[in-house]
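This is structure_31.cif. It holds mmCIF, C-alpha atoms.
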```
data_start
loop_
_atom_site.label_atom_id
_atom_site.label_comp_id
_atom_site.auth_asym_id
_atom_site.auth_seq_id
_atom_site.Cartn_x
_atom_site.Cartn_y
_atom_site.Cartn_z
CA MET R 60 14.33 21.78 -18.27
CA LEU R 61 17.56 21.31 -20.26
CA VAL R 62 17.84 18.50 -22.82
CA GLU R 63 20.48 15.81 -22.43
CA ASP R 64 23.66 17.13 -24.02
CA GLY R 65 22.17 20.63 -23.69
CA LEU R 66 24.41 23.68 -23.35
CA LEU R 67 24.87 26.04 -20.46
CA LEU R 68 26.44 29.43 -21.14
CA ASP R 69 27.69 31.45 -18.20
CA LEU R 70 28.73 35.08 -18.69
CA HIS R 71 29.75 37.06 -15.64
CA PRO R 72 32.24 39.68 -14.41
CA ILE R 73 35.60 38.62 -13.02
CA PRO R 74 38.45 40.51 -11.32
CA PRO R 75 40.11 42.94 -11.69
CA SER R 76 37.48 45.44 -10.60
CA MET R 77 36.01 47.96 -13.03
CA HIS R 78 37.86 51.17 -13.79
CA ALA R 79 36.19 54.43 -14.80
CA PHE R 80 37.55 56.29 -17.82
CA SER R 81 36.90 59.72 -19.29
CA GLU R 82 38.70 61.12 -22.32
CA GLY R 83 41.00 58.09 -22.18
CA ARG R 84 42.08 58.88 -18.63
CA ASP R 85 41.75 56.33 -15.82
CA LEU R 86 39.75 58.01 -13.04
CA GLY R 87 39.99 55.14 -10.58
CA VAL R 88 38.67 51.78 -9.53
CA VAL R 89 35.11 50.85 -8.59
CA ASP R 90 34.91 48.90 -5.33
CA GLU R 91 33.64 45.42 -6.25
CA ARG R 92 35.18 43.46 -3.37
CA GLN R 93 31.82 42.47 -1.88
CA PHE R 94 30.43 41.65 -5.29
CA PHE R 95 33.30 39.35 -6.18
CA THR R 96 32.81 37.45 -2.94
CA LEU R 97 29.35 36.58 -4.24
CA VAL R 98 30.74 35.79 -7.70
CA ARG R 99 33.28 33.36 -6.25
CA ALA R 100 30.64 31.63 -4.13
CA THR R 101 28.37 31.19 -7.14
CA ASP R 102 31.22 29.97 -9.28
CA ARG R 103 32.21 27.41 -6.65
CA GLU R 104 28.72 25.91 -6.83
CA LEU R 105 28.89 25.68 -10.61
CA GLN R 106 32.31 24.06 -10.44
CA ARG R 107 30.88 21.54 -8.00
CA THR R 108 28.40 20.40 -10.65
CA VAL R 109 31.38 19.92 -12.99
CA ARG R 110 33.29 17.87 -10.41
CA GLU R 111 30.18 15.77 -9.87
CA GLY R 112 30.01 15.05 -13.57
CA LEU R 113 26.72 16.83 -14.25
CA PHE R 114 28.26 19.39 -16.59
CA ALA R 115 31.52 19.52 -18.53
CA LEU R 116 33.42 22.69 -19.35
CA GLU R 117 33.96 22.83 -23.12
CA ALA R 118 35.13 26.35 -23.91
CA GLU R 119 36.13 29.51 -22.13
CA THR R 120 37.05 33.02 -23.17
CA GLU R 121 37.62 36.34 -21.45
CA LEU R 122 36.55 39.68 -22.83
CA ASP R 123 36.59 43.34 -21.86
CA VAL R 124 33.39 45.29 -22.22
CA ILE R 125 32.46 48.92 -21.73
CA GLU R 126 29.43 50.38 -20.05
CA ARG R 127 29.02 53.93 -21.37
CA PHE R 128 27.30 56.69 -19.39
CA HIS R 129 26.27 60.03 -20.85
CA THR R 130 26.39 61.97 -17.59
CA PRO R 131 27.91 61.49 -14.12
CA GLU R 132 24.39 61.52 -12.67
CA GLU R 133 23.35 58.63 -14.90
CA LEU R 134 26.36 56.66 -13.70
CA PHE R 135 25.68 57.42 -10.01
CA GLU R 136 22.03 56.47 -10.35
CA THR R 137 22.90 53.18 -12.03
CA VAL R 138 25.77 52.13 -9.77
CA ASP R 139 23.84 53.03 -6.63
CA GLU R 140 21.21 50.47 -7.70
CA TRP R 141 23.82 47.71 -8.00
CA GLU R 142 24.16 45.52 -4.94
CA ASP R 143 27.59 45.14 -3.37
CA ILE R 144 29.28 47.60 -5.76
CA HIS R 145 30.37 50.99 -4.47
CA LEU R 146 32.02 54.24 -5.56
CA SER R 147 34.51 55.84 -3.18
CA LYS R 148 34.12 59.52 -2.30
CA ARG R 149 37.34 60.26 -4.14
CA LEU R 150 36.11 58.56 -7.33
CA ARG R 151 32.72 60.27 -7.08
CA ALA R 152 34.45 63.63 -6.88
CA ARG R 153 36.52 62.85 -9.96
CA LEU R 154 33.44 61.61 -11.83
CA VAL R 155 31.51 64.81 -11.08
CA ARG R 156 34.25 66.77 -12.82
CA ALA R 157 34.71 64.26 -15.65
CA VAL R 158 33.87 65.04 -19.25
CA PRO R 159 31.20 62.64 -20.62
CA PRO R 160 30.92 60.06 -21.89
CA ILE R 161 32.22 58.10 -18.92
CA ASP R 162 33.13 54.48 -19.56
CA LEU R 163 33.34 51.66 -17.03
CA HIS R 164 35.74 49.00 -18.28
CA GLU R 165 34.88 45.52 -17.07
CA ARG R 166 36.42 42.06 -17.52
CA LEU R 167 34.02 39.18 -18.21
CA VAL R 168 34.39 35.46 -18.61
CA LEU R 169 32.19 33.43 -20.95
CA ARG R 170 32.10 29.69 -20.38
CA ARG R 171 30.30 27.00 -22.31
CA TYR R 172 29.33 23.86 -20.43
CA ARG R 173 27.55 20.78 -21.72
CA ARG R 174 25.15 18.72 -19.71
CA THR R 175 26.62 15.25 -19.53
CA ARG R 176 24.71 12.03 -19.84
CA ALA R 177 27.03 10.55 -17.25
CA ARG R 178 26.32 10.96 -13.55
CA PHE R 179 29.92 10.20 -12.57
CA PRO R 180 33.09 12.22 -13.25
CA GLN R 181 35.11 9.32 -14.66
CA VAL R 182 32.55 8.69 -17.41
CA ALA R 183 32.49 12.36 -18.38
CA GLU R 184 36.29 12.59 -18.50
CA SER R 185 36.41 12.91 -22.29
CA HIS R 186 34.54 16.21 -21.99
CA GLN R 187 36.94 17.72 -19.48
CA ARG R 188 39.38 19.47 -21.80
CA PRO R 189 38.19 23.06 -22.29
CA VAL R 190 39.26 25.07 -25.30
CA ARG R 191 40.51 28.58 -24.54
CA LEU R 192 39.60 31.09 -27.20
CA ARG R 193 41.33 34.35 -27.93
CA LEU R 194 39.29 37.38 -28.93
CA SER R 195 40.69 40.22 -30.94
CA SER R 196 41.19 43.38 -28.90
CA MET X 95 19.22 58.58 -23.07
CA ALA X 96 19.95 55.32 -21.23
CA PHE X 97 23.49 54.14 -20.64
CA VAL X 98 24.88 51.73 -23.20
CA ILE X 99 26.31 48.32 -22.39
CA ASP X 100 29.02 47.03 -24.69
CA PRO X 101 28.89 49.63 -27.50
CA GLU X 102 31.77 47.80 -29.19
CA GLY X 103 29.83 44.53 -29.47
CA ARG X 104 32.41 42.41 -27.63
CA GLU X 105 29.78 40.19 -26.02
CA LEU X 106 28.25 39.21 -29.32
CA GLU X 107 31.70 38.60 -30.80
CA ALA X 108 32.55 36.26 -27.92
CA LEU X 109 29.19 34.51 -28.09
CA SER X 110 29.52 33.87 -31.80
CA LYS X 111 32.87 32.15 -31.19
CA VAL X 112 31.59 29.97 -28.39
CA VAL X 113 28.18 28.84 -29.60
CA ASP X 114 26.00 28.62 -32.69
CA PHE X 115 22.43 29.53 -31.74
CA GLU X 116 21.00 28.22 -35.03
CA GLY X 117 17.77 26.35 -34.38
CA LEU X 118 18.20 26.22 -30.60
CA ARG X 119 15.49 26.69 -28.00
CA VAL X 120 17.12 29.17 -25.61
CA LEU X 121 16.37 30.21 -22.05
CA ASP X 122 18.04 33.52 -21.14
CA VAL X 123 18.29 33.85 -17.36
CA GLY X 124 18.67 37.46 -16.25
CA CYS X 125 17.77 38.80 -19.66
CA GLY X 126 17.36 42.39 -18.45
CA ASP X 127 15.88 44.62 -21.12
CA GLY X 128 16.42 41.97 -23.78
CA ARG X 129 19.40 43.64 -25.45
CA LEU X 130 21.24 40.34 -26.07
CA ILE X 131 18.09 38.45 -27.00
CA TRP X 132 17.55 40.69 -30.03
CA ARG X 133 20.97 39.58 -31.27
CA ILE X 134 20.61 35.83 -30.77
CA ALA X 135 16.90 35.42 -31.53
CA PRO X 136 17.13 35.67 -35.33
CA ALA X 137 19.16 32.44 -35.45
CA ALA X 138 17.47 30.65 -32.55
CA LYS X 139 14.31 28.61 -32.86
CA SER X 140 12.83 30.30 -29.80
CA VAL X 141 14.00 32.37 -26.84
CA LEU X 142 12.41 32.75 -23.43
CA GLY X 143 13.90 35.61 -21.43
CA ILE X 144 13.35 35.74 -17.68
CA ASP X 145 14.27 38.38 -15.14
CA ILE X 146 13.09 39.23 -11.65
CA ASP X 147 12.95 42.96 -12.45
CA PRO X 148 9.42 43.84 -13.67
CA ASP X 149 10.54 47.14 -15.19
CA LEU X 150 13.18 45.45 -17.33
CA ILE X 151 10.74 42.78 -18.48
CA ALA X 152 8.22 45.49 -19.40
CA THR X 153 10.90 47.27 -21.43
CA ALA X 154 11.93 44.05 -23.13
CA ARG X 155 8.35 43.27 -24.14
CA LYS X 156 7.75 46.79 -25.36
CA GLU X 157 10.92 46.91 -27.43
CA THR X 158 10.67 43.47 -29.00
CA PRO X 159 11.09 43.98 -32.75
CA PRO X 160 7.92 42.95 -34.62
CA GLU X 161 9.76 40.36 -36.70
CA LEU X 162 10.86 38.50 -33.54
CA ARG X 163 7.55 38.46 -31.68
CA ASP X 164 6.62 34.97 -32.84
CA LYS X 165 9.76 33.40 -31.39
CA VAL X 166 10.60 35.54 -28.34
CA ALA X 167 8.78 35.62 -25.01
CA PHE X 168 9.51 37.21 -21.63
CA ARG X 169 8.50 36.29 -18.13
CA GLU X 170 8.98 38.06 -14.82
CA THR X 171 10.42 35.27 -12.69
CA GLY X 172 13.60 33.81 -11.26
CA ILE X 173 15.12 30.53 -12.41
CA VAL X 174 14.09 28.72 -9.22
CA GLU X 175 10.43 29.62 -9.66
CA LEU X 176 10.36 28.92 -13.40
CA ASP X 177 8.01 26.04 -14.15
CA GLU X 178 8.88 24.43 -17.45
CA PRO X 179 8.69 20.79 -18.62
CA PRO X 180 11.78 18.55 -18.90
CA ALA X 181 13.87 18.91 -22.07
CA ARG X 182 12.21 22.23 -22.89
CA PHE X 183 15.48 24.04 -23.77
CA ASP X 184 18.61 23.23 -25.78
CA LEU X 185 20.62 26.04 -24.19
CA VAL X 186 20.41 27.94 -20.93
CA PHE X 187 22.23 31.25 -20.87
CA PHE X 188 23.15 32.91 -17.58
CA THR X 189 23.77 36.51 -18.56
CA TRP X 190 25.49 38.33 -15.71
CA SER X 191 23.26 36.33 -13.35
CA LEU X 192 24.35 35.19 -9.92
#
```

How does the structure come out when it is put into structure tokens?
Amino acid sequence: MLVEDGLLLDLHPIPPSMHAFSEGRDLGVVDERQFFTLVRATDRELQRTVREGLFALEAETELDVIERFHTPEELFETVDEWEDIHLSKRLRARLVRAVPPIDLHERLVLRRYRRTRARFPQVAESHQRPVRLRLSS
Amino acid sequence: MAFVIDPEGRELEALSKVVDFEGLRVLDVGCGDGRLIWRIAPAAKSVLGIDIDPDLIATARKETPPELRDKVAFRETGIVELDEPPARFDLVFFTWSL
């Protein structure tokens, strides 16, 4: 499916867990412990393909993104549809009283991999030095 | 009004620093409602967005800007079930997909 030397981009959430904000005030943390268990398992599989020399990590950057909700109900409806992500009763109570918009702040990692021609790690060694990029905040 | 993901455009800023989509044939896995595809499609040669959520795919198709309709396509499927020939894509993008 992917050409030789093709690129693989992987963008996904990483710890720490999301925090909810309203009017610049931190209302509390969203429970993502179960979700991050799945993230780590998936990431381990991807890293295995790197160790096996199928892909090489070329660049990596972390970024913080916001998900903005216009009402508490919109947030509840959305989060309740997410698997393995939960709101505590205490946070729900704070969110009900919060002044919209309500922002969820989330940390993501973006990684660029390249499919290697080599099938063995030692041949792909020249690709193994990732470049870390810094984004303006 | 639907909730807004990344109103500050951080994702696009990060993407532009990590990859140049110019002329690439892109597969977006977990494309959702297509919000990132609209941003990368103008530079790309073509983009196929896939997602297992039929509602999101329907939204993506409906909201495809007319000027991008000749280079963007959507399919309701997962990556495992996707049947495409070898060397079909230059870049595969896993967007928040596990």

Matched chain/residue IDs from the PyMOL selection byres ((chain X and resi 113-126) around 7), as a PDB file with C-alpha atoms, keeping the file's coordinate frame:
```pdb
ATOM      1  CA  LEU X 109      29.190  34.510 -28.090  1.00  0.00           C
ATOM      2  CA  SER X 110      29.520  33.870 -31.800  1.00  0.00           C
ATOM      3  CA  LYS X 111      32.870  32.150 -31.190  1.00  0.00           C
ATOM      4  CA  VAL X 112      31.590  29.970 -28.390  1.00  0.00           C
ATOM      5  CA  ASP X 127      15.880  44.620 -21.120  1.00  0.00           C
ATOM      6  CA  GLY X 128      16.420  41.970 -23.780  1.00  0.00           C
ATOM      7  CA  ILE X 134      20.610  35.830 -30.770  1.00  0.00           C
ATOM      8  CA  ALA X 137      19.160  32.440 -35.450  1.00  0.00           C
ATOM      9  CA  ALA X 138      17.470  30.650 -32.550  1.00  0.00           C
ATOM     10  CA  LYS X 139      14.310  28.610 -32.860  1.00  0.00           C
ATOM     11  CA  SER X 140      12.830  30.300 -29.800  1.00  0.00           C
ATOM     12  CA  VAL X 141      14.000  32.370 -26.840  1.00  0.00           C
ATOM     13  CA  LEU X 142      12.410  32.750 -23.430  1.00  0.00           C
ATOM     14  CA  GLY X 143      13.900  35.610 -21.430  1.00  0.00           C
ATOM     15  CA  ILE X 144      13.350  35.740 -17.680  1.00  0.00           C
ATOM     16  CA  ASP X 145      14.270  38.380 -15.140  1.00  0.00           C
ATOM     17  CA  LEU X 150      13.180  45.450 -17.330  1.00  0.00           C
ATOM     18  CA  ILE X 151      10.740  42.780 -18.480  1.00  0.00           C
ATOM     19  CA  ILE X 173      15.120  30.530 -12.410  1.00  0.00           C
ATOM     20  CA  PHE X 183      15.480  24.040 -23.770  1.00  0.00           C
ATOM     21  CA  ASP X 184      18.610  23.230 -25.780  1.00  0.00           C
ATOM     22  CA  LEU X 185      20.620  26.040 -24.190  1.00  0.00           C
ATOM     23  CA  VAL X 186      20.410  27.940 -20.930  1.00  0.00           C
ATOM     24  CA  PHE X 187      22.230  31.250 -20.870  1.00  0.00           C
ATOM     25  CA  PHE X 188      23.150  32.910 -17.580  1.00  0.00           C
ATOM     26  CA  THR X 189      23.770  36.510 -18.560  1.00  0.00           C
ATOM     27  CA  TRP X 190      25.490  38.330 -15.710  1.00  0.00           C
ATOM     28  CA  SER X 191      23.260  36.330 -13.350  1.00  0.00           C
TER      29      SER X 191
END
```

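Our summary of the geometry notes that atom CA of Thr108 of chain R is positioned 14.0 Å from atom CA of Leu68 of chain R.
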
Selected by the PyMOL selection byres ((chain R and resi 135-140) around 12) in the shown coordinates: which residues, as a PyMOL selection string?
(chain R and resi 77+79+89-91+126-134+141-148+150-152+154-155+161+163) or (chain X and resi 96-99)

Print the selection's residues with C-alpha atoms to a file, as a PDB file, keeping the file's coordinate frame.
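Generated file (part_39.pdb):
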```pdb
ATOM      1  CA  MET R  77      36.010  47.960 -13.030  1.00  0.00           C
ATOM      2  CA  ALA R  79      36.190  54.430 -14.800  1.00  0.00           C
ATOM      3  CA  VAL R  89      35.110  50.850  -8.590  1.00  0.00           C
ATOM      4  CA  ASP R  90      34.910  48.900  -5.330  1.00  0.00           C
ATOM      5  CA  GLU R  91      33.640  45.420  -6.250  1.00  0.00           C
ATOM      6  CA  GLU R 126      29.430  50.380 -20.050  1.00  0.00           C
ATOM      7  CA  ARG R 127      29.020  53.930 -21.370  1.00  0.00           C
ATOM      8  CA  PHE R 128      27.300  56.690 -19.390  1.00  0.00           C
ATOM      9  CA  HIS R 129      26.270  60.030 -20.850  1.00  0.00           C
ATOM     10  CA  THR R 130      26.390  61.970 -17.590  1.00  0.00           C
ATOM     11  CA  PRO R 131      27.910  61.490 -14.120  1.00  0.00           C
ATOM     12  CA  GLU R 132      24.390  61.520 -12.670  1.00  0.00           C
ATOM     13  CA  GLU R 133      23.350  58.630 -14.900  1.00  0.00           C
ATOM     14  CA  LEU R 134      26.360  56.660 -13.700  1.00  0.00           C
ATOM     15  CA  TRP R 141      23.820  47.710  -8.000  1.00  0.00           C
ATOM     16  CA  GLU R 142      24.160  45.520  -4.940  1.00  0.00           C
ATOM     17  CA  ASP R 143      27.590  45.140  -3.370  1.00  0.00           C
ATOM     18  CA  ILE R 144      29.280  47.600  -5.760  1.00  0.00           C
ATOM     19  CA  HIS R 145      30.370  50.990  -4.470  1.00  0.00           C
ATOM     20  CA  LEU R 146      32.020  54.240  -5.560  1.00  0.00           C
ATOM     21  CA  SER R 147      34.510  55.840  -3.180  1.00  0.00           C
ATOM     22  CA  LYS R 148      34.120  59.520  -2.300  1.00  0.00           C
ATOM     23  CA  LEU R 150      36.110  58.560  -7.330  1.00  0.00           C
ATOM     24  CA  ARG R 151      32.720  60.270  -7.080  1.00  0.00           C
ATOM     25  CA  ALA R 152      34.450  63.630  -6.880  1.00  0.00           C
ATOM     26  CA  LEU R 154      33.440  61.610 -11.830  1.00  0.00           C
ATOM     27  CA  VAL R 155      31.510  64.810 -11.080  1.00  0.00           C
ATOM     28  CA  ILE R 161      32.220  58.100 -18.920  1.00  0.00           C
ATOM     29  CA  LEU R 163      33.340  51.660 -17.030  1.00  0.00           C
TER      30      LEU R 163
ATOM     31  CA  ALA X  96      19.950  55.320 -21.230  1.00  0.00           C
ATOM     32  CA  PHE X  97      23.490  54.140 -20.640  1.00  0.00           C
ATOM     33  CA  VAL X  98      24.880  51.730 -23.200  1.00  0.00           C
ATOM     34  CA  ILE X  99      26.310  48.320 -22.390  1.00  0.00           C
TER      35      ILE X  99
END
```

For chain R, which residues have at least one atom within 6 Å of chain X, if we go by all atoms listed in the file? Write them as a PyMOL selection string, please.
chain R and resi 60-62+65-71+124-128

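Going from atom CA of Glu104 of chain R over to atom CA of Arg171 of chain R, you cover 15.6 Å.
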
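Across the model, the gap from atom CA of Arg133 of chain X to atom CA of Lys165 of chain X is 12.8 Å.
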
Could you expand the PyMOL selection byres ((chain R and resi 84) around 12) into the explicit residues it covers here, written as an MDAnalysis selection string?
chainID R and resid 78:83 85:87 153:154 157:164

Box for segment 120-123 of chain R - axis-aligned, 5 Å on each of the six sides, all listed atoms - centre and size in Å to one decimal, as JSON.
```
{"center_x": 37.1, "center_y": 38.2, "center_z": -22.3, "size_x": 11.1, "size_y": 20.3, "size_z": 11.7}
```

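Using all atoms listed in the file for every distance, the candidate list R:Ala115, R:Leu122, R:Thr96, R:Ser76 yields R:Leu122 as the residue closest to Leu106 of chain X.
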
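Using only C-alpha atoms for every distance, the candidate list R:Arg149, R:Pro75, R:Arg156, R:Gly112 yields R:Gly112 as the residue closest to Tyr172 of chain R.
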